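Source file: model_33.cif (mmCIF, C-alpha atoms)
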data_model
loop_
_atom_site.group_PDB
_atom_site.id
_atom_site.type_symbol
_atom_site.label_atom_id
_atom_site.label_comp_id
_atom_site.auth_asym_id
_atom_site.auth_seq_id
_atom_site.Cartn_x
_atom_site.Cartn_y
_atom_site.Cartn_z
ATOM 1 C CA MET A 8 16.940 24.106 -31.384
ATOM 2 C CA LYS A 9 18.135 21.760 -28.625
ATOM 3 C CA ASN A 10 21.762 22.252 -29.710
ATOM 4 C CA ILE A 11 21.370 26.030 -29.662
ATOM 5 C CA GLY A 12 19.985 25.949 -26.126
ATOM 6 C CA GLU A 13 22.766 23.636 -25.001
ATOM 7 C CA ASN A 14 25.380 25.883 -26.577
ATOM 8 C CA VAL A 15 24.011 28.981 -24.825
ATOM 9 C CA VAL A 16 24.258 27.314 -21.431
ATOM 10 C CA ARG A 17 27.758 25.982 -22.143
ATOM 11 C CA ILE A 18 29.017 29.420 -23.206
ATOM 12 C CA GLU A 19 27.614 31.010 -20.070
ATOM 13 C CA ALA A 20 28.990 28.206 -17.895
ATOM 14 C CA GLU A 21 32.431 28.735 -19.411
ATOM 15 C CA ALA A 22 32.184 32.460 -18.683
ATOM 16 C CA LEU A 23 31.428 31.668 -15.045
ATOM 17 C CA ARG A 24 34.320 29.210 -14.849
ATOM 18 C CA ALA A 25 36.667 31.902 -16.166
ATOM 19 C CA LEU A 26 35.276 34.369 -13.618
ATOM 20 C CA ALA A 27 35.910 31.906 -10.785
ATOM 21 C CA ASP A 28 39.479 31.458 -11.990
ATOM 22 C CA ARG A 29 40.007 35.237 -11.983
ATOM 23 C CA ILE A 30 38.601 35.595 -8.441
ATOM 24 C CA ALA A 31 40.978 32.850 -7.319
ATOM 25 C CA GLY A 32 43.895 34.322 -9.260
ATOM 26 C CA PRO A 33 44.607 37.703 -10.877
ATOM 27 C CA MET A 34 41.500 39.428 -9.469
ATOM 28 C CA ALA A 35 41.839 38.091 -5.916
ATOM 29 C CA THR A 36 43.326 41.292 -4.504
ATOM 30 C CA ALA A 37 40.751 43.526 -6.203
ATOM 31 C CA PHE A 38 37.908 41.293 -5.040
ATOM 32 C CA GLN A 39 39.173 41.414 -1.449
ATOM 33 C CA ARG A 40 39.504 45.211 -1.597
ATOM 34 C CA ALA A 41 35.930 45.464 -2.877
ATOM 35 C CA VAL A 42 34.694 43.274 -0.024
ATOM 36 C CA GLU A 43 36.550 45.428 2.522
ATOM 37 C CA LEU A 44 35.101 48.647 1.086
ATOM 38 C CA LEU A 45 31.583 47.232 1.230
ATOM 39 C CA PHE A 46 32.098 45.767 4.697
ATOM 40 C CA CYS A 47 33.329 49.092 6.087
ATOM 41 C CA CYS A 48 30.561 51.077 4.398
ATOM 42 C CA ALA A 49 28.928 53.289 7.042
ATOM 43 C CA GLY A 50 25.971 54.105 4.795
ATOM 44 C CA ARG A 51 24.419 52.114 1.988
ATOM 45 C CA VAL A 52 25.726 50.435 -1.102
ATOM 46 C CA VAL A 53 24.325 52.345 -4.075
ATOM 47 C CA VAL A 54 24.193 50.030 -7.094
ATOM 48 C CA THR A 55 23.738 51.555 -10.546
ATOM 49 C CA GLY A 56 23.667 50.359 -14.117
ATOM 50 C CA MET A 57 21.965 51.114 -17.421
ATOM 51 C CA GLY A 58 19.868 48.807 -19.608
ATOM 52 C CA LYS A 59 20.460 45.105 -19.026
ATOM 53 C CA SER A 60 23.236 45.955 -16.577
ATOM 54 C CA GLY A 61 20.665 48.011 -14.698
ATOM 55 C CA LEU A 62 18.429 44.974 -14.326
ATOM 56 C CA ILE A 63 21.349 43.026 -12.881
ATOM 57 C CA ALA A 64 22.179 45.982 -10.624
ATOM 58 C CA ARG A 65 18.648 45.870 -9.182
ATOM 59 C CA LYS A 66 19.037 42.199 -8.359
ATOM 60 C CA ILE A 67 22.462 42.716 -6.767
ATOM 61 C CA ALA A 68 21.058 45.530 -4.593
ATOM 62 C CA ALA A 69 18.200 43.268 -3.514
ATOM 63 C CA THR A 70 20.565 40.389 -2.703
ATOM 64 C CA LEU A 71 22.874 42.641 -0.694
ATOM 65 C CA SER A 72 19.945 44.043 1.310
ATOM 66 C CA SER A 73 18.488 40.614 2.061
ATOM 67 C CA THR A 74 21.811 39.262 3.300
ATOM 68 C CA GLY A 75 22.692 42.018 5.743
ATOM 69 C CA THR A 76 24.247 44.777 3.612
ATOM 70 C CA PRO A 77 21.904 47.783 3.203
ATOM 71 C CA ALA A 78 21.726 48.640 -0.497
ATOM 72 C CA LEU A 79 19.565 50.456 -3.022
ATOM 73 C CA TYR A 80 19.363 50.705 -6.803
ATOM 74 C CA LEU A 81 19.922 54.093 -8.430
ATOM 75 C CA HIS A 82 18.831 54.554 -12.040
ATOM 76 C CA PRO A 83 21.606 56.579 -13.694
ATOM 77 C CA VAL A 84 19.238 58.698 -15.815
ATOM 78 C CA GLU A 85 17.013 59.531 -12.848
ATOM 79 C CA ALA A 86 20.194 60.287 -10.924
ATOM 80 C CA LEU A 87 21.013 62.997 -13.459
ATOM 81 C CA HIS A 88 17.645 64.594 -12.763
ATOM 82 C CA GLY A 89 17.735 64.807 -8.985
ATOM 83 C CA ASP A 90 17.970 61.274 -7.625
ATOM 84 C CA LEU A 91 21.721 61.656 -7.207
ATOM 85 C CA GLY A 92 20.763 63.241 -3.891
ATOM 86 C CA MET A 93 20.360 59.664 -2.642
ATOM 87 C CA VAL A 94 24.143 59.339 -2.589
ATOM 88 C CA VAL A 95 25.791 60.806 0.508
ATOM 89 C CA ARG A 96 29.148 60.562 2.176
ATOM 90 C CA GLY A 97 29.566 57.233 3.868
ATOM 91 C CA ASP A 98 27.977 55.356 0.968
ATOM 92 C CA VAL A 99 29.778 53.143 -1.530
ATOM 93 C CA VAL A 100 28.804 53.150 -5.212
ATOM 94 C CA LEU A 101 28.868 49.899 -7.190
ATOM 95 C CA ALA A 102 28.604 50.728 -10.902
ATOM 96 C CA LEU A 103 27.935 48.138 -13.619
ATOM 97 C CA SER A 104 28.843 48.727 -17.256
ATOM 98 C CA ALA A 105 29.850 46.028 -19.724
ATOM 99 C CA SER A 106 31.875 48.477 -21.802
ATOM 100 C CA GLY A 107 32.946 50.777 -19.001
ATOM 101 C CA GLU A 108 31.958 53.660 -21.270
ATOM 102 C CA THR A 109 28.218 54.012 -20.572
ATOM 103 C CA GLU A 110 27.582 57.772 -20.862
ATOM 104 C CA GLU A 111 24.889 57.913 -18.186
ATOM 105 C CA ILE A 112 27.234 56.229 -15.694
ATOM 106 C CA LEU A 113 30.219 58.384 -16.597
ATOM 107 C CA ALA A 114 28.105 61.516 -16.070
ATOM 108 C CA LEU A 115 27.834 60.583 -12.389
ATOM 109 C CA LEU A 116 31.580 60.351 -11.790
ATOM 110 C CA ALA A 117 32.151 64.044 -11.028
ATOM 111 C CA THR A 118 29.574 64.056 -8.216
ATOM 112 C CA ILE A 119 30.782 60.710 -6.839
ATOM 113 C CA LYS A 120 34.334 62.065 -6.680
ATOM 114 C CA ARG A 121 33.174 65.356 -5.146
ATOM 115 C CA LEU A 122 31.385 63.463 -2.372
ATOM 116 C CA GLN A 123 34.498 61.341 -1.859
ATOM 117 C CA VAL A 124 32.362 58.218 -2.117
ATOM 118 C CA PRO A 125 34.348 55.051 -2.918
ATOM 119 C CA LEU A 126 33.546 53.625 -6.347
ATOM 120 C CA ILE A 127 33.634 49.948 -7.279
ATOM 121 C CA ALA A 128 33.259 49.191 -10.969
ATOM 122 C CA MET A 129 32.122 45.988 -12.644
ATOM 123 C CA THR A 130 33.233 46.252 -16.232
ATOM 124 C CA GLY A 131 33.566 43.843 -19.102
ATOM 125 C CA ASP A 132 36.808 45.273 -20.430
ATOM 126 C CA ALA A 133 39.623 42.844 -19.672
ATOM 127 C CA SER A 134 41.889 45.843 -19.202
ATOM 128 C CA SER A 135 40.440 46.305 -15.732
ATOM 129 C CA SER A 136 42.791 43.508 -14.675
ATOM 130 C CA GLY A 137 45.702 45.387 -16.147
ATOM 131 C CA ILE A 138 46.001 43.663 -19.545
ATOM 132 C CA ALA A 139 45.502 46.791 -21.674
ATOM 133 C CA ARG A 140 44.250 50.373 -21.375
ATOM 134 C CA ALA A 141 41.439 50.554 -18.856
ATOM 135 C CA SER A 142 38.007 51.877 -19.751
ATOM 136 C CA THR A 143 36.993 55.274 -18.378
ATOM 137 C CA LEU A 144 34.883 53.750 -15.614
ATOM 138 C CA ALA A 145 37.537 51.206 -14.614
ATOM 139 C CA ALA A 146 40.221 53.898 -14.529
ATOM 140 C CA ALA A 147 38.075 56.156 -12.326
ATOM 141 C CA ALA A 148 37.134 53.422 -9.873
ATOM 142 C CA ASP A 149 38.818 52.759 -6.550
ATOM 143 C CA VAL A 150 38.403 49.058 -7.363
ATOM 144 C CA ALA A 151 37.741 47.633 -10.826
ATOM 145 C CA LEU A 152 36.341 44.103 -11.061
ATOM 146 C CA ASP A 153 36.794 42.278 -14.340
ATOM 147 C CA CYS A 154 33.576 40.839 -15.813
ATOM 148 C CA SER A 155 35.044 40.180 -19.244
ATOM 149 C CA ILE A 156 33.847 37.237 -21.328
ATOM 150 C CA ALA A 157 35.212 35.404 -24.350
ATOM 151 C CA GLU A 158 31.881 35.671 -26.200
ATOM 152 C CA GLU A 159 28.208 36.352 -25.736
ATOM 153 C CA ALA A 160 25.867 33.392 -26.021
ATOM 154 C CA CYS A 161 23.787 35.271 -28.575
ATOM 155 C CA ALA A 162 24.412 33.996 -32.127
ATOM 156 C CA LEU A 163 24.938 37.590 -33.271
ATOM 157 C CA GLY A 164 27.246 38.312 -30.368
ATOM 158 C CA LEU A 165 25.148 41.371 -29.515
ATOM 159 C CA ALA A 166 22.508 40.565 -26.888
ATOM 160 C CA PRO A 167 23.877 40.707 -23.325
ATOM 161 C CA THR A 168 23.769 37.069 -22.192
ATOM 162 C CA ALA A 169 27.038 35.659 -20.866
ATOM 163 C CA SER A 170 28.083 39.168 -19.799
ATOM 164 C CA THR A 171 25.013 39.767 -17.630
ATOM 165 C CA THR A 172 25.239 36.256 -16.186
ATOM 166 C CA THR A 173 28.832 36.985 -15.186
ATOM 167 C CA MET A 174 27.892 40.294 -13.556
ATOM 168 C CA LEU A 175 25.080 38.607 -11.663
ATOM 169 C CA ALA A 176 27.379 35.861 -10.371
ATOM 170 C CA LEU A 177 30.025 38.379 -9.311
ATOM 171 C CA GLY A 178 27.370 40.343 -7.420
ATOM 172 C CA ASP A 179 26.295 37.156 -5.668
ATOM 173 C CA ALA A 180 29.923 36.384 -4.836
ATOM 174 C CA LEU A 181 30.308 39.791 -3.176
ATOM 175 C CA ALA A 182 27.002 39.508 -1.291
ATOM 176 C CA VAL A 183 27.640 36.019 0.061
ATOM 177 C CA THR A 184 31.243 36.838 1.031
ATOM 178 C CA LEU A 185 29.997 39.909 2.909
ATOM 179 C CA SER A 186 27.286 37.852 4.568
ATOM 180 C CA GLU A 187 29.864 35.363 5.831
ATOM 181 C CA LYS A 188 32.177 38.148 6.948
ATOM 182 C CA ARG A 189 29.357 39.762 8.954
ATOM 183 C CA GLY A 190 28.462 36.466 10.614
ATOM 184 C CA PHE A 191 24.972 36.632 9.104
ATOM 185 C CA LYS A 192 22.846 33.850 10.629
ATOM 186 C CA GLU A 193 19.489 32.168 10.082
ATOM 187 C CA GLU A 194 17.840 34.435 12.622
ATOM 188 C CA ASP A 195 19.115 37.523 10.788
ATOM 189 C CA PHE A 196 17.750 36.145 7.524
ATOM 190 C CA ALA A 197 14.407 35.466 9.198
ATOM 191 C CA ASN A 198 14.196 39.038 10.514
ATOM 192 C CA LEU A 199 14.697 40.410 6.996
ATOM 193 C CA HIS A 200 12.147 38.045 5.420
ATOM 194 C CA PRO A 201 8.986 38.363 7.533
ATOM 195 C CA GLY A 202 6.690 37.847 4.543
ATOM 196 C CA GLY A 203 6.272 35.060 2.046
ATOM 197 C CA LYS A 204 7.099 31.398 2.408
ATOM 198 C CA LEU A 205 10.635 32.008 3.666
ATOM 199 C CA GLY A 206 9.391 34.267 6.431
ATOM 200 C CA LYS A 207 6.749 31.765 7.468
ATOM 201 C CA ARG A 208 9.200 28.892 7.579
ATOM 202 C CA LEU A 209 11.568 30.975 9.698
ATOM 203 C CA ALA A 210 8.901 32.383 12.021
ATOM 204 C CA ARG A 211 9.784 32.551 15.705
ATOM 205 C CA VAL A 212 7.762 31.017 18.509
ATOM 206 C CA GLU A 213 7.358 34.467 20.103
ATOM 207 C CA SER A 214 5.499 35.708 17.015
ATOM 208 C CA LEU A 215 3.004 32.829 17.199
ATOM 209 C CA MET A 216 2.503 32.147 20.902
ATOM 210 C CA HIS A 217 -0.502 33.102 23.041
ATOM 211 C CA SER A 218 0.432 35.380 25.916
ATOM 212 C CA GLY A 219 -1.102 37.825 28.360
ATOM 213 C CA ASP A 220 -4.852 37.369 28.894
ATOM 214 C CA ALA A 221 -4.960 34.727 26.119
ATOM 215 C CA LEU A 222 -2.670 32.446 28.123
ATOM 216 C CA PRO A 223 -4.568 29.907 30.285
ATOM 217 C CA ARG A 224 -3.064 29.666 33.752
ATOM 218 C CA VAL A 225 -4.075 28.567 37.237
ATOM 219 C CA GLY A 226 -2.382 28.187 40.603
ATOM 220 C CA PRO A 227 -1.562 24.841 42.251
ATOM 221 C CA GLN A 228 -4.410 25.324 44.771
ATOM 222 C CA THR A 229 -7.054 26.013 42.140
ATOM 223 C CA LYS A 230 -9.973 23.570 42.347
ATOM 224 C CA MET A 231 -10.723 21.442 39.290
ATOM 225 C CA PRO A 232 -14.047 23.127 38.407
ATOM 226 C CA ASP A 233 -12.160 26.410 38.058
ATOM 227 C CA VAL A 234 -9.374 24.663 36.128
ATOM 228 C CA ILE A 235 -11.924 23.290 33.660
ATOM 229 C CA TYR A 236 -13.527 26.729 33.349
ATOM 230 C CA GLU A 237 -10.146 28.331 32.564
ATOM 231 C CA MET A 238 -9.365 25.695 29.937
ATOM 232 C CA SER A 239 -12.790 26.123 28.311
ATOM 233 C CA ARG A 240 -12.574 29.909 28.346
ATOM 234 C CA LYS A 241 -9.137 30.085 26.684
ATOM 235 C CA LYS A 242 -10.017 27.320 24.176
ATOM 236 C CA LEU A 243 -6.546 25.801 23.880
ATOM 237 C CA GLY A 244 -7.285 22.453 25.487
ATOM 238 C CA VAL A 245 -4.613 22.975 28.125
ATOM 239 C CA THR A 246 -3.714 25.242 31.009
ATOM 240 C CA ALA A 247 -0.444 26.101 32.694
ATOM 241 C CA VAL A 248 -0.049 25.679 36.441
ATOM 242 C CA VAL A 249 2.123 28.422 37.889
ATOM 243 C CA GLU A 250 3.511 29.474 41.236
ATOM 244 C CA GLY A 251 3.939 33.186 40.950
ATOM 245 C CA GLU A 252 5.313 33.473 37.416
ATOM 246 C CA LYS A 253 7.127 30.139 37.363
ATOM 247 C CA LEU A 254 5.744 27.175 35.438
ATOM 248 C CA VAL A 255 5.373 24.097 37.641
ATOM 249 C CA GLY A 256 3.094 21.918 35.522
ATOM 250 C CA ILE A 257 0.300 21.634 32.962
ATOM 251 C CA ILE A 258 -3.145 20.086 32.737
ATOM 252 C CA SER A 259 -4.479 19.053 29.334
ATOM 253 C CA ASP A 260 -7.773 17.714 28.031
ATOM 254 C CA GLY A 261 -6.074 14.319 27.847
ATOM 255 C CA ASP A 262 -5.085 14.528 31.500
ATOM 256 C CA LEU A 263 -8.699 15.245 32.451
ATOM 257 C CA ARG A 264 -10.037 12.298 30.461
ATOM 258 C CA ARG A 265 -7.539 9.927 32.050
ATOM 259 C CA LEU A 266 -8.354 11.214 35.536
ATOM 260 C CA LEU A 267 -12.096 10.835 34.939
ATOM 261 C CA GLU A 268 -11.613 7.265 33.763
ATOM 262 C CA LYS A 269 -9.541 6.498 36.835
ATOM 263 C CA ARG A 270 -11.326 8.461 39.587
ATOM 264 C CA GLY A 271 -14.720 9.412 38.218
ATOM 265 C CA LYS A 272 -16.473 12.434 39.727
ATOM 266 C CA ASP A 273 -13.934 12.546 42.568
ATOM 267 C CA VAL A 274 -11.700 14.413 40.129
ATOM 268 C CA LEU A 275 -13.652 17.562 40.926
ATOM 269 C CA ASP A 276 -12.317 17.440 44.482
ATOM 270 C CA LEU A 277 -8.683 17.618 43.333
ATOM 271 C CA THR A 278 -6.555 20.750 43.051
ATOM 272 C CA ALA A 279 -4.539 21.716 39.979
ATOM 273 C CA GLY A 280 -1.341 20.806 41.811
ATOM 274 C CA GLU A 281 -2.650 17.271 42.442
ATOM 275 C CA ALA A 282 -3.851 16.747 38.863
ATOM 276 C CA MET A 283 -1.070 18.400 36.881
ATOM 277 C CA THR A 284 1.710 16.837 34.861
ATOM 278 C CA LYS A 285 5.007 18.022 36.318
ATOM 279 C CA ASN A 286 8.084 19.018 34.289
ATOM 280 C CA PRO A 287 6.253 19.509 30.949
ATOM 281 C CA ARG A 288 8.117 20.025 27.684
ATOM 282 C CA THR A 289 8.880 23.694 27.090
ATOM 283 C CA ILE A 290 10.483 25.871 24.455
ATOM 284 C CA ALA A 291 12.125 29.306 24.365
ATOM 285 C CA ALA A 292 10.407 32.256 22.703
ATOM 286 C CA GLY A 293 13.347 32.794 20.359
ATOM 287 C CA GLU A 294 13.254 29.303 18.852
ATOM 288 C CA PHE A 295 12.044 28.703 15.298
ATOM 289 C CA ALA A 296 8.476 27.553 14.755
ATOM 290 C CA ALA A 297 9.950 24.562 12.918
ATOM 291 C CA THR A 298 11.720 23.539 16.120
ATOM 292 C CA ALA A 299 8.438 23.725 18.057
ATOM 293 C CA LEU A 300 6.756 21.540 15.451
ATOM 294 C CA ALA A 301 9.566 18.973 15.615
ATOM 295 C CA VAL A 302 9.193 18.712 19.406
ATOM 296 C CA MET A 303 5.416 18.332 19.141
ATOM 297 C CA GLU A 304 5.747 15.593 16.552
ATOM 298 C CA GLU A 305 8.420 13.769 18.552
ATOM 299 C CA LYS A 306 6.436 13.866 21.808
ATOM 300 C CA LYS A 307 3.016 13.507 20.135
ATOM 301 C CA ILE A 308 1.658 16.606 21.864
ATOM 302 C CA THR A 309 -0.328 19.556 20.541
ATOM 303 C CA SER A 310 1.066 22.443 22.584
ATOM 304 C CA LEU A 311 4.241 23.700 24.215
ATOM 305 C CA MET A 312 4.685 26.091 27.112
ATOM 306 C CA VAL A 313 7.040 28.958 26.333
ATOM 307 C CA VAL A 314 9.361 29.845 29.190
ATOM 308 C CA SER A 315 12.332 32.095 29.810
ATOM 309 C CA GLY A 316 15.720 30.888 30.959
ATOM 310 C CA ASN A 317 14.726 31.052 34.635
ATOM 311 C CA GLY A 318 11.473 29.133 34.124
ATOM 312 C CA LYS A 319 9.133 32.122 33.956
ATOM 313 C CA LEU A 320 6.030 31.377 31.876
ATOM 314 C CA GLU A 321 5.855 33.635 28.814
ATOM 315 C CA GLY A 322 3.252 31.988 26.586
ATOM 316 C CA ILE A 323 1.932 28.886 24.915
ATOM 317 C CA VAL A 324 2.233 27.800 21.292
ATOM 318 C CA HIS A 325 -0.354 25.393 19.896
ATOM 319 C CA LEU A 326 -0.191 23.135 16.863
ATOM 320 C CA HIS A 327 -2.998 25.185 15.308
ATOM 321 C CA ASP A 328 -0.772 28.272 15.484
ATOM 322 C CA LEU A 329 1.727 26.548 13.182
ATOM 323 C CA TRP A 330 -0.776 26.112 10.371
ATOM 324 C CA SER A 331 -0.198 29.674 9.206
ATOM 325 C CA THR A 332 3.517 28.940 8.756
ATOM 326 C CA GLU A 333 2.809 26.287 6.090
ATOM 327 C CA LEU A 334 4.884 23.847 8.170
ATOM 328 C CA VAL A 335 1.838 21.733 8.979
#

Could you quickly redo this structure as structure tokens?
Amino acid sequence: MKNIGENVVRIEAEALRALADRIAGPMATAFQRAVELLFCCAGRVVVTGMGKSGLIARKIAATLSSTGTPALYLHPVEALHGDLGMVVRGDVVLALSASGETEEILALLATIKRLQVPLIAMTGDASSSGIARASTLAAAADVALDCSIAEEACALGLAPTASTTTMLALGDALAVTLSEKRGFKEEDFANLHPGGKLGKRLARVESLMHSGDALPRVGPQTKMPDVIYEMSRKKLGVTAVVEGEKLVGIISDGDLRRLLEKRGKDVLDLTAGEAMTKNPRTIAAGEFAATALAVMEEKKITSLMVVSGNGKLEGIVHLHDLWSTELV
């Protein structure tokens, strides 16, 4: 059993190696043309496939969408019964068929051509690279990408294994190339993944910070009893000291304890401006929550004031706020 499993993986790995060689060699021009068509797509990339190819098509559509290329999966049978209305001018169709002769896919060709929608085919017939007569789908496509394999990993040579792995890898190659071409960045990825662990890890400070009435703030002339009241009312263990809208300092629970130890009850006679810590550590609203956590850990503090580029106070992010991101 171990040898069978090993053999399956080796066959599929060899299929991927051959695919990489084709992308670097005889299929390079076709691959680049496919990338350009997808990059210039004014609508969405409509990915379709039947059976096991359909499952791979769903994953490719999901990968494209999550990396900056709007895409959707279209079931070819449902398309024949009304869902073909999803395809409009400006879209690009990416059709997957190991044989290039899948009837349900071929039945869509007339409408695709009528709409003048570019068609990219992923087929398993080696003829799509010009070796022999092309399949119907490859011949009809504006760009035909060769997903051919030497053999399936199935002992009977029937179950789609190496062929679907190759299609999946080629879809990933297109998606990642497009992502790079678009200049897709971490912040773009974060915006498209607001839920789940990825979204939490990539959360922005602005989505976690306290602002508005929840933000503790006092003026430099505020007396300490009122400062303490503001800190207690907002329950963050710290307050900002502002002149107008500009942050000029902070007062924390720790600052109060140290002042009490040093000056006793005379602390109550001080103003916020006299008791505050000047030039506190700050962070921008657009920074990642992970960056805020790193600063807090480095400076051994539990909160950061959030300011704009000109020093205007926008909010405060507390260590407790980072618990929901699963970073703490």

Checklist outcome for this item: Judged by only C-alpha atoms, the minimum distance to A:Ala157 among A:Glu21, A:Glu43, A:Asp233, A:Glu108 is found for A:Glu21

Checklist entry - Which residues match the PyMOL selection byres ((chain A and resi 255) around 12) in the file above, as a ChimeraX atom specification? => result /A:224-227,246-254,256-258,279-289,312,314,318-320

Checklist entry - Residues picked by the PyMOL selection byres ((chain A and resi 112-127) around 10) here, as number ranges by chain? => result A: 37-38, 40-42, 44-45, 48, 52-57, 82-84, 86-87, 91-92, 94-104, 107-111, 128-130, 143-145, 147-152

What would the file look like if the residues just selected were written as an mmCIF file, in the frame of the given file with C-alpha atoms?
data_model
loop_
_atom_site.group_PDB
_atom_site.id
_atom_site.type_symbol
_atom_site.label_atom_id
_atom_site.label_comp_id
_atom_site.auth_asym_id
_atom_site.auth_seq_id
_atom_site.Cartn_x
_atom_site.Cartn_y
_atom_site.Cartn_z
ATOM 1 C CA ALA A 37 40.751 43.526 -6.203
ATOM 2 C CA PHE A 38 37.908 41.293 -5.040
ATOM 3 C CA ARG A 40 39.504 45.211 -1.597
ATOM 4 C CA ALA A 41 35.930 45.464 -2.877
ATOM 5 C CA VAL A 42 34.694 43.274 -0.024
ATOM 6 C CA LEU A 44 35.101 48.647 1.086
ATOM 7 C CA LEU A 45 31.583 47.232 1.230
ATOM 8 C CA CYS A 48 30.561 51.077 4.398
ATOM 9 C CA VAL A 52 25.726 50.435 -1.102
ATOM 10 C CA VAL A 53 24.325 52.345 -4.075
ATOM 11 C CA VAL A 54 24.193 50.030 -7.094
ATOM 12 C CA THR A 55 23.738 51.555 -10.546
ATOM 13 C CA GLY A 56 23.667 50.359 -14.117
ATOM 14 C CA MET A 57 21.965 51.114 -17.421
ATOM 15 C CA HIS A 82 18.831 54.554 -12.040
ATOM 16 C CA PRO A 83 21.606 56.579 -13.694
ATOM 17 C CA VAL A 84 19.238 58.698 -15.815
ATOM 18 C CA ALA A 86 20.194 60.287 -10.924
ATOM 19 C CA LEU A 87 21.013 62.997 -13.459
ATOM 20 C CA LEU A 91 21.721 61.656 -7.207
ATOM 21 C CA GLY A 92 20.763 63.241 -3.891
ATOM 22 C CA VAL A 94 24.143 59.339 -2.589
ATOM 23 C CA VAL A 95 25.791 60.806 0.508
ATOM 24 C CA ARG A 96 29.148 60.562 2.176
ATOM 25 C CA GLY A 97 29.566 57.233 3.868
ATOM 26 C CA ASP A 98 27.977 55.356 0.968
ATOM 27 C CA VAL A 99 29.778 53.143 -1.530
ATOM 28 C CA VAL A 100 28.804 53.150 -5.212
ATOM 29 C CA LEU A 101 28.868 49.899 -7.190
ATOM 30 C CA ALA A 102 28.604 50.728 -10.902
ATOM 31 C CA LEU A 103 27.935 48.138 -13.619
ATOM 32 C CA SER A 104 28.843 48.727 -17.256
ATOM 33 C CA GLY A 107 32.946 50.777 -19.001
ATOM 34 C CA GLU A 108 31.958 53.660 -21.270
ATOM 35 C CA THR A 109 28.218 54.012 -20.572
ATOM 36 C CA GLU A 110 27.582 57.772 -20.862
ATOM 37 C CA GLU A 111 24.889 57.913 -18.186
ATOM 38 C CA ALA A 128 33.259 49.191 -10.969
ATOM 39 C CA MET A 129 32.122 45.988 -12.644
ATOM 40 C CA THR A 130 33.233 46.252 -16.232
ATOM 41 C CA THR A 143 36.993 55.274 -18.378
ATOM 42 C CA LEU A 144 34.883 53.750 -15.614
ATOM 43 C CA ALA A 145 37.537 51.206 -14.614
ATOM 44 C CA ALA A 147 38.075 56.156 -12.326
ATOM 45 C CA ALA A 148 37.134 53.422 -9.873
ATOM 46 C CA ASP A 149 38.818 52.759 -6.550
ATOM 47 C CA VAL A 150 38.403 49.058 -7.363
ATOM 48 C CA ALA A 151 37.741 47.633 -10.826
ATOM 49 C CA LEU A 152 36.341 44.103 -11.061
#

Where does stretch 142-257 of chain A meet stretch 293-305 of chain A within 6 Å, residue by residue, with the nearest atom pair and distance in Å to one decimal for each, counting all atoms listed in the file, listed by chain and rising number, as JSON lines?
{"residue": "A:Ala210", "atom": "CA", "partner": "A:Ala296", "partner_atom": "CA", "distance": 5.6}
{"residue": "A:Arg211", "atom": "CA", "partner": "A:Phe295", "partner_atom": "CA", "distance": 4.5}
{"residue": "A:Val212", "atom": "CA", "partner": "A:Ala296", "partner_atom": "CA", "distance": 5.2}

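Note that atom CA of A:His325 and atom CA of A:Leu215 are 8.6 Å apart.
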
Edge lengths and centre, in Å to one decimal, as JSON: that's what I need for the box along x, y and z that holds all listed atoms of stretch 175-192 of chain A plus 8 Å on each side.
{"center_x": 27.5, "center_y": 37.1, "center_z": -0.5, "size_x": 25.3, "size_y": 22.5, "size_z": 38.3}

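Of the residues listed (A:Asp328, A:Asp276, A:Glu159, A:Glu268), A:Glu159 shows the shortest atom-to-atom separation from A:Val15; distances use only C-alpha atoms.
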
Item to check | Among the residues A:Ser259, A:Arg189, A:Pro223, A:Thr171, the one that comes closest to A:Ile67 [using all atoms listed in the file] | outcome: A:Thr171

Explicit residue set for the PyMOL selection byres ((chain A and resi 78) around 7), as a PDB file with C-alpha atoms, keeping the file's coordinate frame:
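The result, stored in result28.pdb:
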ATOM      1  CA  ARG A  51      24.419  52.114   1.988  1.00  0.00           C
ATOM      2  CA  VAL A  52      25.726  50.435  -1.102  1.00  0.00           C
ATOM      3  CA  VAL A  53      24.325  52.345  -4.075  1.00  0.00           C
ATOM      4  CA  ALA A  68      21.058  45.530  -4.593  1.00  0.00           C
ATOM      5  CA  LEU A  71      22.874  42.641  -0.694  1.00  0.00           C
ATOM      6  CA  SER A  72      19.945  44.043   1.310  1.00  0.00           C
ATOM      7  CA  THR A  76      24.247  44.777   3.612  1.00  0.00           C
ATOM      8  CA  PRO A  77      21.904  47.783   3.203  1.00  0.00           C
ATOM      9  CA  LEU A  79      19.565  50.456  -3.022  1.00  0.00           C
TER      10      LEU A  79
END

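One distance worth recording is that between atom CA of A:Ala176 and atom CA of A:Leu23, which is 7.5 Å.
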
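Across A:Ala292, A:Leu163, A:Thr74, A:Ile156, the tightest approach to A:Glu187 is made by A:Thr74 when counting all atoms listed in the file.
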
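For the residues A:Asn317, A:Thr168, A:Thr229, A:Gln39, ranking by smallest atom-to-atom distance to A:Ile63 using only C-alpha atoms places A:Thr168 first.
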
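Between atom CA of A:Gly219 and atom CA of A:Lys306 lies a distance of 26.0 Å.
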
Find the spatial neighbours of A:Thr70, counting all atoms listed in the file, within a cut-off of 10 Å - ignore same-chain residues fewer than 5 positions away - and output them as a compact mmCIF listing (two decimals) with C-alpha atoms, in the frame of the given file.
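File selection-v3.txt, as written:
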# COMPACT_ATOMS: atom_id res chain seq x y z
CA ALA A 64 22.18 45.98 -10.62
CA ARG A 65 18.65 45.87 -9.18
CA GLY A 75 22.69 42.02 5.74
CA THR A 76 24.25 44.78 3.61
CA PRO A 77 21.90 47.78 3.20
CA ALA A 78 21.73 48.64 -0.50
CA GLY A 178 27.37 40.34 -7.42
CA ASP A 179 26.30 37.16 -5.67
CA LEU A 181 30.31 39.79 -3.18
CA ALA A 182 27.00 39.51 -1.29
CA VAL A 183 27.64 36.02 0.06
